[in-house]
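Shown next: data10.cif, containing mmCIF, N, CA and C atoms and all ligand atoms.
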```
data_run
#
loop_
_atom_site.label_atom_id
_atom_site.label_comp_id
_atom_site.auth_asym_id
_atom_site.auth_seq_id
_atom_site.Cartn_x
_atom_site.Cartn_y
_atom_site.Cartn_z
N MET V 1379 107.88 118.16 116.81
CA MET V 1379 108.08 116.79 117.30
C MET V 1379 107.65 116.71 118.76
N ASP V 1380 106.74 115.83 119.03
CA ASP V 1380 106.25 115.67 120.39
C ASP V 1380 107.15 114.70 121.13
N VAL V 1381 107.99 115.23 121.98
CA VAL V 1381 108.94 114.37 122.69
C VAL V 1381 108.39 113.92 124.04
N MET V 1382 107.17 114.32 124.37
CA MET V 1382 106.66 114.02 125.70
C MET V 1382 106.09 112.61 125.80
N THR V 1383 105.65 112.06 124.70
CA THR V 1383 104.81 110.88 124.80
C THR V 1383 105.48 109.58 124.34
N TRP V 1384 106.71 109.62 123.84
CA TRP V 1384 107.25 108.36 123.37
C TRP V 1384 107.76 107.50 124.51
N ILE V 1385 107.72 106.18 124.27
CA ILE V 1385 108.11 105.20 125.27
C ILE V 1385 109.54 104.72 125.02
N HIS V 1386 109.83 104.44 123.74
CA HIS V 1386 111.16 103.97 123.37
C HIS V 1386 111.63 104.72 122.13
N SER V 1387 112.93 104.96 122.06
CA SER V 1387 113.53 105.44 120.83
C SER V 1387 114.37 104.31 120.26
N GLY V 1388 114.57 104.36 118.94
CA GLY V 1388 115.36 103.30 118.31
C GLY V 1388 116.04 103.83 117.07
N ARG V 1389 117.00 103.04 116.59
CA ARG V 1389 117.76 103.45 115.40
C ARG V 1389 118.46 102.25 114.81
N CYS V 1390 118.83 102.38 113.55
CA CYS V 1390 119.67 101.36 112.93
C CYS V 1390 121.11 101.56 113.38
N ALA V 1391 121.99 100.66 112.95
CA ALA V 1391 123.37 100.70 113.44
C ALA V 1391 124.10 101.97 113.01
N CYS V 1392 123.77 102.52 111.84
CA CYS V 1392 124.47 103.72 111.38
C CYS V 1392 123.70 105.00 111.72
N SER V 1393 122.56 104.86 112.39
CA SER V 1393 121.74 105.98 112.86
C SER V 1393 121.08 106.78 111.74
N ALA V 1394 121.06 106.26 110.53
CA ALA V 1394 120.37 106.96 109.44
C ALA V 1394 118.85 106.79 109.57
N VAL V 1395 118.41 105.66 110.12
CA VAL V 1395 116.99 105.44 110.38
C VAL V 1395 116.78 105.61 111.88
N THR V 1396 115.90 106.51 112.25
CA THR V 1396 115.57 106.69 113.67
C THR V 1396 114.06 106.67 113.82
N PHE V 1397 113.60 106.16 114.94
CA PHE V 1397 112.16 106.03 115.15
C PHE V 1397 111.85 106.07 116.64
N ARG V 1398 110.56 106.21 116.94
CA ARG V 1398 110.08 106.14 118.32
C ARG V 1398 108.84 105.26 118.38
N LEU V 1399 108.68 104.61 119.53
CA LEU V 1399 107.46 103.86 119.81
C LEU V 1399 106.66 104.67 120.81
N MET V 1400 105.41 104.95 120.43
CA MET V 1400 104.58 105.84 121.24
C MET V 1400 103.78 105.10 122.30
N THR V 1401 103.76 103.77 122.22
CA THR V 1401 103.10 102.96 123.24
C THR V 1401 104.06 101.86 123.68
N GLN V 1402 103.76 101.27 124.82
CA GLN V 1402 104.60 100.18 125.32
C GLN V 1402 104.45 98.97 124.39
N PRO V 1403 105.54 98.45 123.87
CA PRO V 1403 105.44 97.29 122.98
C PRO V 1403 105.25 95.99 123.76
N THR V 1404 104.89 94.95 123.03
CA THR V 1404 104.69 93.64 123.63
C THR V 1404 106.02 93.00 123.97
N ASP V 1405 105.95 91.88 124.68
CA ASP V 1405 107.14 91.08 124.86
C ASP V 1405 107.61 90.55 123.50
N VAL V 1406 108.81 90.01 123.50
CA VAL V 1406 109.47 89.66 122.25
C VAL V 1406 109.12 88.23 121.83
N ILE V 1407 108.85 88.09 120.53
CA ILE V 1407 108.65 86.77 119.93
C ILE V 1407 109.82 86.50 118.99
N ALA V 1408 110.44 85.36 119.16
CA ALA V 1408 111.56 84.98 118.29
C ALA V 1408 111.05 84.05 117.20
N CYS V 1409 111.40 84.38 115.95
CA CYS V 1409 110.96 83.56 114.82
C CYS V 1409 112.14 82.83 114.20
N HIS V 1410 111.95 81.54 114.00
CA HIS V 1410 113.04 80.69 113.51
C HIS V 1410 112.84 80.26 112.06
N CYS V 1411 111.93 80.93 111.33
CA CYS V 1411 111.71 80.53 109.95
C CYS V 1411 112.96 80.82 109.11
N LYS V 1412 113.00 80.18 107.94
CA LYS V 1412 114.20 80.29 107.11
C LYS V 1412 114.47 81.73 106.68
N THR V 1413 113.41 82.46 106.38
CA THR V 1413 113.62 83.84 105.94
C THR V 1413 114.15 84.70 107.08
N CYS V 1414 113.59 84.54 108.26
CA CYS V 1414 114.09 85.31 109.41
C CYS V 1414 115.54 84.95 109.69
N ARG V 1415 115.88 83.70 109.53
CA ARG V 1415 117.27 83.31 109.79
C ARG V 1415 118.21 83.90 108.74
N ARG V 1416 117.75 83.96 107.49
CA ARG V 1416 118.61 84.54 106.46
C ARG V 1416 118.78 86.05 106.61
N VAL V 1417 117.68 86.76 106.88
CA VAL V 1417 117.81 88.22 106.95
C VAL V 1417 118.58 88.68 108.19
N SER V 1418 118.52 87.88 109.23
CA SER V 1418 119.19 88.28 110.47
C SER V 1418 120.59 87.71 110.58
N GLY V 1419 120.82 86.62 109.90
CA GLY V 1419 122.09 85.92 110.04
C GLY V 1419 122.09 84.89 111.17
N TYR V 1420 120.99 84.86 111.94
CA TYR V 1420 120.91 83.89 113.05
C TYR V 1420 119.45 83.50 113.18
N TYR V 1421 118.70 84.10 114.08
CA TYR V 1421 117.24 84.10 114.00
C TYR V 1421 116.75 85.47 114.38
N TRP V 1422 115.54 85.80 113.91
CA TRP V 1422 115.04 87.15 114.10
C TRP V 1422 114.04 87.17 115.23
N ALA V 1423 113.96 88.27 115.92
CA ALA V 1423 113.00 88.41 117.02
C ALA V 1423 112.42 89.81 116.97
N ALA V 1424 111.19 89.94 117.47
CA ALA V 1424 110.53 91.22 117.37
C ALA V 1424 109.56 91.46 118.52
N THR V 1425 109.45 92.72 118.86
CA THR V 1425 108.37 93.18 119.71
C THR V 1425 107.34 93.83 118.78
N HIS V 1426 106.15 94.14 119.28
CA HIS V 1426 105.08 94.62 118.41
C HIS V 1426 104.38 95.83 118.99
N VAL V 1427 104.03 96.74 118.09
CA VAL V 1427 103.17 97.87 118.46
C VAL V 1427 102.17 98.07 117.32
N ALA V 1428 101.12 98.83 117.61
CA ALA V 1428 100.21 99.24 116.54
C ALA V 1428 100.98 100.08 115.53
N ARG V 1429 100.63 99.95 114.26
CA ARG V 1429 101.33 100.74 113.23
C ARG V 1429 101.31 102.22 113.55
N THR V 1430 100.21 102.66 114.09
CA THR V 1430 100.07 104.09 114.39
C THR V 1430 100.98 104.52 115.54
N ALA V 1431 101.50 103.54 116.29
CA ALA V 1431 102.37 103.87 117.44
C ALA V 1431 103.84 103.92 117.05
N LEU V 1432 104.14 103.58 115.81
CA LEU V 1432 105.52 103.68 115.32
C LEU V 1432 105.68 104.99 114.55
N VAL V 1433 106.53 105.85 115.05
CA VAL V 1433 106.82 107.12 114.38
C VAL V 1433 108.26 107.05 113.86
N ILE V 1434 108.41 107.11 112.55
CA ILE V 1434 109.74 107.06 111.96
C ILE V 1434 110.19 108.49 111.69
N ASP V 1435 111.23 108.92 112.39
CA ASP V 1435 111.68 110.30 112.31
C ASP V 1435 112.67 110.52 111.17
N SER V 1436 113.43 109.50 110.83
CA SER V 1436 114.39 109.61 109.74
C SER V 1436 114.35 108.32 108.93
N ASP V 1437 113.99 108.43 107.66
CA ASP V 1437 113.77 107.21 106.87
C ASP V 1437 114.45 107.25 105.50
N GLU V 1438 115.43 108.12 105.34
CA GLU V 1438 116.06 108.26 104.02
C GLU V 1438 116.66 106.95 103.52
N THR V 1439 117.21 106.16 104.42
CA THR V 1439 117.84 104.90 104.02
C THR V 1439 116.98 103.69 104.36
N LEU V 1440 115.73 103.95 104.77
CA LEU V 1440 114.84 102.83 105.08
C LEU V 1440 114.28 102.24 103.80
N ALA V 1441 114.49 100.97 103.59
CA ALA V 1441 113.99 100.27 102.41
C ALA V 1441 113.10 99.12 102.86
N TRP V 1442 112.18 98.74 101.97
CA TRP V 1442 111.27 97.63 102.28
C TRP V 1442 111.44 96.54 101.24
N TRP V 1443 111.51 95.31 101.71
CA TRP V 1443 111.62 94.16 100.82
C TRP V 1443 110.42 93.26 101.03
N ALA V 1444 109.72 92.95 99.94
CA ALA V 1444 108.57 92.04 100.02
C ALA V 1444 109.10 90.62 100.15
N SER V 1445 109.15 90.14 101.39
CA SER V 1445 109.74 88.82 101.63
C SER V 1445 108.76 87.69 101.33
N SER V 1446 107.49 88.04 101.14
CA SER V 1446 106.50 87.06 100.73
C SER V 1446 105.33 87.83 100.15
N ASP V 1447 104.29 87.11 99.73
CA ASP V 1447 103.12 87.78 99.17
C ASP V 1447 102.34 88.55 100.24
N ILE V 1448 102.58 88.22 101.49
CA ILE V 1448 101.74 88.78 102.54
C ILE V 1448 102.47 89.76 103.46
N ALA V 1449 103.77 89.90 103.27
CA ALA V 1449 104.52 90.72 104.24
C ALA V 1449 105.73 91.37 103.61
N GLU V 1450 106.24 92.40 104.29
CA GLU V 1450 107.48 93.03 103.86
C GLU V 1450 108.33 93.37 105.07
N ARG V 1451 109.63 93.52 104.80
CA ARG V 1451 110.59 93.73 105.87
C ARG V 1451 111.32 95.04 105.64
N GLY V 1452 111.42 95.83 106.70
CA GLY V 1452 112.10 97.12 106.62
C GLY V 1452 113.52 97.02 107.13
N PHE V 1453 114.44 97.61 106.38
CA PHE V 1453 115.85 97.54 106.76
C PHE V 1453 116.56 98.82 106.30
N CYS V 1454 117.71 99.08 106.87
CA CYS V 1454 118.51 100.22 106.44
C CYS V 1454 119.38 99.79 105.27
N ASN V 1455 119.24 100.50 104.17
CA ASN V 1455 120.00 100.08 102.98
C ASN V 1455 121.43 100.62 102.97
N ARG V 1456 121.85 101.23 104.08
CA ARG V 1456 123.25 101.63 104.21
C ARG V 1456 124.01 100.68 105.12
N CYS V 1457 123.47 100.44 106.32
CA CYS V 1457 124.20 99.58 107.27
C CYS V 1457 123.67 98.15 107.31
N GLY V 1458 122.47 97.93 106.74
CA GLY V 1458 121.94 96.57 106.66
C GLY V 1458 121.12 96.13 107.86
N SER V 1459 120.92 97.02 108.83
CA SER V 1459 120.16 96.63 110.02
C SER V 1459 118.76 96.18 109.64
N SER V 1460 118.33 95.07 110.18
CA SER V 1460 116.97 94.57 110.01
C SER V 1460 116.11 95.16 111.10
N LEU V 1461 115.09 95.94 110.72
CA LEU V 1461 114.38 96.76 111.69
C LEU V 1461 112.91 96.39 111.88
N PHE V 1462 112.19 96.18 110.78
CA PHE V 1462 110.74 96.06 110.86
C PHE V 1462 110.23 94.89 110.01
N TYR V 1463 109.03 94.44 110.38
CA TYR V 1463 108.32 93.43 109.61
C TYR V 1463 106.86 93.78 109.71
N ARG V 1464 106.16 93.78 108.56
CA ARG V 1464 104.73 94.08 108.64
C ARG V 1464 103.96 93.23 107.64
N LEU V 1465 102.87 92.67 108.14
CA LEU V 1465 101.91 91.97 107.29
C LEU V 1465 101.04 93.02 106.63
N HIS V 1466 100.74 92.84 105.33
CA HIS V 1466 99.98 93.87 104.61
C HIS V 1466 98.64 94.17 105.27
N ASP V 1467 98.00 93.14 105.81
CA ASP V 1467 96.64 93.34 106.32
C ASP V 1467 96.57 93.42 107.85
N ALA V 1468 97.72 93.64 108.48
CA ALA V 1468 97.72 93.72 109.94
C ALA V 1468 97.83 95.17 110.39
N ASP V 1469 97.23 95.46 111.53
CA ASP V 1469 97.30 96.82 112.04
C ASP V 1469 98.45 97.00 113.03
N ARG V 1470 99.26 95.98 113.19
CA ARG V 1470 100.43 96.11 114.05
C ARG V 1470 101.69 95.89 113.22
N ILE V 1471 102.80 96.29 113.79
CA ILE V 1471 104.08 96.14 113.10
C ILE V 1471 105.09 95.52 114.06
N SER V 1472 105.97 94.69 113.52
CA SER V 1472 107.02 94.07 114.31
C SER V 1472 108.26 94.96 114.27
N VAL V 1473 108.88 95.12 115.42
CA VAL V 1473 110.06 95.98 115.55
C VAL V 1473 111.17 95.18 116.21
N ALA V 1474 112.36 95.23 115.63
CA ALA V 1474 113.49 94.49 116.19
C ALA V 1474 113.90 95.10 117.52
N PRO V 1475 113.88 94.33 118.60
CA PRO V 1475 114.21 94.91 119.90
C PRO V 1475 115.66 95.35 119.99
N GLY V 1476 116.52 94.75 119.17
CA GLY V 1476 117.92 95.15 119.19
C GLY V 1476 118.14 96.55 118.67
N ALA V 1477 117.15 97.10 117.97
CA ALA V 1477 117.26 98.47 117.45
C ALA V 1477 116.87 99.51 118.48
N LEU V 1478 116.26 99.07 119.58
CA LEU V 1478 115.80 100.03 120.59
C LEU V 1478 116.97 100.49 121.46
N ASP V 1479 116.90 101.75 121.87
CA ASP V 1479 117.85 102.27 122.84
C ASP V 1479 117.47 101.68 124.20
N GLY V 1480 118.39 101.02 124.83
CA GLY V 1480 118.08 100.33 126.07
C GLY V 1480 118.24 101.22 127.29
N PRO V 1481 117.89 100.71 128.47
CA PRO V 1481 117.31 99.38 128.66
C PRO V 1481 115.86 99.34 128.18
N THR V 1482 115.48 98.22 127.57
CA THR V 1482 114.14 98.14 127.00
C THR V 1482 113.11 97.69 128.02
N GLY V 1483 113.51 96.94 129.03
CA GLY V 1483 112.56 96.37 129.97
C GLY V 1483 111.75 95.23 129.38
N LEU V 1484 112.09 94.82 128.17
CA LEU V 1484 111.34 93.77 127.50
C LEU V 1484 111.93 92.40 127.83
N ALA V 1485 111.14 91.37 127.60
CA ALA V 1485 111.61 90.00 127.77
C ALA V 1485 111.15 89.18 126.58
N THR V 1486 111.91 88.18 126.24
CA THR V 1486 111.47 87.24 125.20
C THR V 1486 110.46 86.29 125.81
N ALA V 1487 109.32 86.14 125.12
CA ALA V 1487 108.21 85.38 125.68
C ALA V 1487 108.03 84.02 125.05
N THR V 1488 108.31 83.91 123.75
CA THR V 1488 108.01 82.65 123.07
C THR V 1488 108.79 82.55 121.77
N HIS V 1489 108.84 81.34 121.25
CA HIS V 1489 109.48 81.07 119.96
C HIS V 1489 108.42 80.57 118.98
N ILE V 1490 108.53 80.98 117.73
CA ILE V 1490 107.63 80.47 116.69
C ILE V 1490 108.44 79.92 115.51
N CYS V 1491 107.77 79.19 114.65
CA CYS V 1491 108.41 78.54 113.50
C CYS V 1491 109.58 77.66 113.93
N CYS V 1492 109.41 77.00 115.06
CA CYS V 1492 110.51 76.19 115.58
C CYS V 1492 110.80 74.97 114.71
N ALA V 1493 109.81 74.59 113.87
CA ALA V 1493 110.05 73.47 112.96
C ALA V 1493 111.12 73.81 111.93
N GLU V 1494 111.37 75.13 111.72
CA GLU V 1494 112.38 75.55 110.75
C GLU V 1494 113.66 76.06 111.43
N ALA V 1495 113.79 75.79 112.70
CA ALA V 1495 114.95 76.31 113.44
C ALA V 1495 116.25 75.80 112.85
N GLY V 1496 117.29 76.60 112.99
CA GLY V 1496 118.60 76.21 112.51
C GLY V 1496 119.22 75.13 113.38
N ASP V 1497 120.25 74.50 112.84
CA ASP V 1497 120.91 73.44 113.60
C ASP V 1497 122.14 73.95 114.36
N TYR V 1498 122.33 75.27 114.35
CA TYR V 1498 123.52 75.86 114.94
C TYR V 1498 123.25 76.49 116.31
N TYR V 1499 122.07 76.23 116.89
CA TYR V 1499 121.77 76.67 118.25
C TYR V 1499 120.77 75.70 118.83
N ARG V 1500 120.58 75.80 120.15
CA ARG V 1500 119.62 74.95 120.82
C ARG V 1500 118.51 75.79 121.41
N LEU V 1501 117.29 75.31 121.28
CA LEU V 1501 116.13 75.98 121.88
C LEU V 1501 115.89 75.36 123.24
N ASP V 1502 116.65 75.80 124.22
CA ASP V 1502 116.56 75.16 125.54
C ASP V 1502 116.39 76.18 126.65
N ASP V 1503 115.73 77.32 126.31
CA ASP V 1503 115.55 78.34 127.35
C ASP V 1503 114.27 78.15 128.15
N GLY V 1504 113.52 77.08 127.86
CA GLY V 1504 112.33 76.78 128.63
C GLY V 1504 111.09 77.55 128.23
N LEU V 1505 111.20 78.43 127.22
CA LEU V 1505 110.04 79.19 126.77
C LEU V 1505 109.18 78.35 125.82
N PRO V 1506 107.89 78.72 125.65
CA PRO V 1506 107.05 78.01 124.70
C PRO V 1506 107.68 78.03 123.30
N CYS V 1507 107.54 76.92 122.61
CA CYS V 1507 108.16 76.76 121.30
C CYS V 1507 107.11 76.20 120.34
N HIS V 1508 106.59 77.07 119.45
CA HIS V 1508 105.53 76.67 118.55
C HIS V 1508 106.11 76.28 117.20
N SER V 1509 105.64 75.19 116.65
CA SER V 1509 106.23 74.71 115.39
C SER V 1509 105.87 75.61 114.22
N GLY V 1510 104.69 76.27 114.26
CA GLY V 1510 104.23 77.09 113.15
C GLY V 1510 104.46 78.57 113.35
N PRO V 1511 103.88 79.38 112.43
CA PRO V 1511 104.17 80.81 112.40
C PRO V 1511 103.40 81.67 113.40
N THR V 1512 102.55 81.07 114.20
CA THR V 1512 101.84 81.87 115.20
C THR V 1512 101.93 81.18 116.55
N VAL V 1513 101.59 81.92 117.59
CA VAL V 1513 101.63 81.33 118.91
C VAL V 1513 100.46 80.37 119.15
N ASN V 1514 99.55 80.35 118.18
CA ASN V 1514 98.43 79.41 118.27
C ASN V 1514 98.65 78.15 117.45
N GLY V 1515 99.70 78.17 116.65
CA GLY V 1515 99.90 77.05 115.72
C GLY V 1515 101.08 76.18 116.06
ZN ZN M 1601 121.69 102.30 109.01
ZN ZN M 1602 110.14 84.28 110.55
#
```
Translate this structure into structure tokens?
Ligand SMILES: [Zn+2]
Ligand SMILES: [Zn+2]
Amino acid sequence: MDVMTWIHSGRCACSAVTFRLMTQPTDVIACHCKTCRRVSGYYWAATHVARTALVIDSDETLAWWASSDIAERGFCNRCGSSLFYRLHDADRISVAPGALDGPTGLATATHICCAEAGDYYRLDDGLPCHSGPTVNG
């Protein structure tokens, strides 16, 4: 195990899934779509790295759920932590910043899918708020 080059370590709540990010991840994007709200219980947010930069050291309880035809979500099937999201045809992967061992040094940069936001919070932090699923839409 090369411990010299990782930037962040992370784990699920029960520590059965552990991973490292080998490059600095992006700032955090919060997604307010209905699926993200259901899987997280509130709304989901993620930082991103190249798939090759995510090293999963312990994955015995890591499960993947195909949440749509184009993507799947990784979670711990013991503690329920929502950890990863990946589009089948993308070379990057989304990682839940709450799973990282802090301090992360990350900041939330923008909101997406704001048209599907829940009615139990307010989007009033002054960050960009995109109605669709990308920062361009
Ligand atoms: Zn767990
Ligand atoms: Zn979403």
Atomic separation - atom CA of Thr1482 of chain V relative to atom CA of Val1427 of chain V, Å: 13.9 Å
Report as a tab-separated table: every residue of chain V with an atom at most 8 Å from ligand ZN 1601 (chain M), its closest pair of atoms, and their distance in Å to one decimal, counting all atoms listed in the file, with rows sorted by chain and ascending residue number.
```
residue	atom	partner	partner_atom	distance
V:Arg1389	C	M:ZN1601	ZN	6.6
V:Cys1390	C	M:ZN1601	ZN	4.5
V:Ala1391	N	M:ZN1601	ZN	4.3
V:Cys1392	N	M:ZN1601	ZN	3.5
V:Ser1393	N	M:ZN1601	ZN	4.3
V:Ala1394	N	M:ZN1601	ZN	4.3
V:Val1395	N	M:ZN1601	ZN	4.8
V:Thr1396	N	M:ZN1601	ZN	7.9
V:Thr1439	C	M:ZN1601	ZN	6.8
V:Leu1440	N	M:ZN1601	ZN	7.5
V:Phe1453	C	M:ZN1601	ZN	6.8
V:Cys1454	CA	M:ZN1601	ZN	4.6
V:Asn1455	N	M:ZN1601	ZN	5.7
V:Arg1456	C	M:ZN1601	ZN	4.8
V:Cys1457	N	M:ZN1601	ZN	3.7
V:Gly1458	N	M:ZN1601	ZN	5.0
V:Ser1459	N	M:ZN1601	ZN	5.3
```
What would the list of residues within 5 Å of (107.3, 76.6, 112.9) (file frame) look like as a list of chain:residue names, if all atoms listed in the file are what count?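 Using all atoms listed in the file, the matching residues come out as V:Ile1490, V:Cys1491, V:Cys1492, V:Ala1493, V:Glu1494, V:His1508, V:Ser1509, V:Gly1510, V:Pro1511.
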Would you write out, as JSON lines, a table of all residues in chain V that have an atom no more than 5 Å from an atom of ligand ZN 1602 (chain M), listing for each the closest atom pair and the distance in Å to one decimal, considering all atoms listed in the file and ordering rows by chain and rising residue number?
```
{"residue": "V:Cys1409", "atom": "CA", "partner": "M:ZN1602", "partner_atom": "ZN", "distance": 4.4}
{"residue": "V:His1410", "atom": "N", "partner": "M:ZN1602", "partner_atom": "ZN", "distance": 4.8}
{"residue": "V:Cys1411", "atom": "N", "partner": "M:ZN1602", "partner_atom": "ZN", "distance": 3.9}
{"residue": "V:Cys1414", "atom": "N", "partner": "M:ZN1602", "partner_atom": "ZN", "distance": 4.1}
```
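The spacing separating atom CA of Thr1486 of chain V from atom N of Asp1447 of chain V amounts to 26.5 Å.
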In Å to one decimal, how far is atom CA of His1489 of chain V from atom N of Leu1501 of chain V?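 According to the coordinates, atom N of Leu1501 of chain V and atom CA of His1489 of chain V are separated by 9.8 Å.
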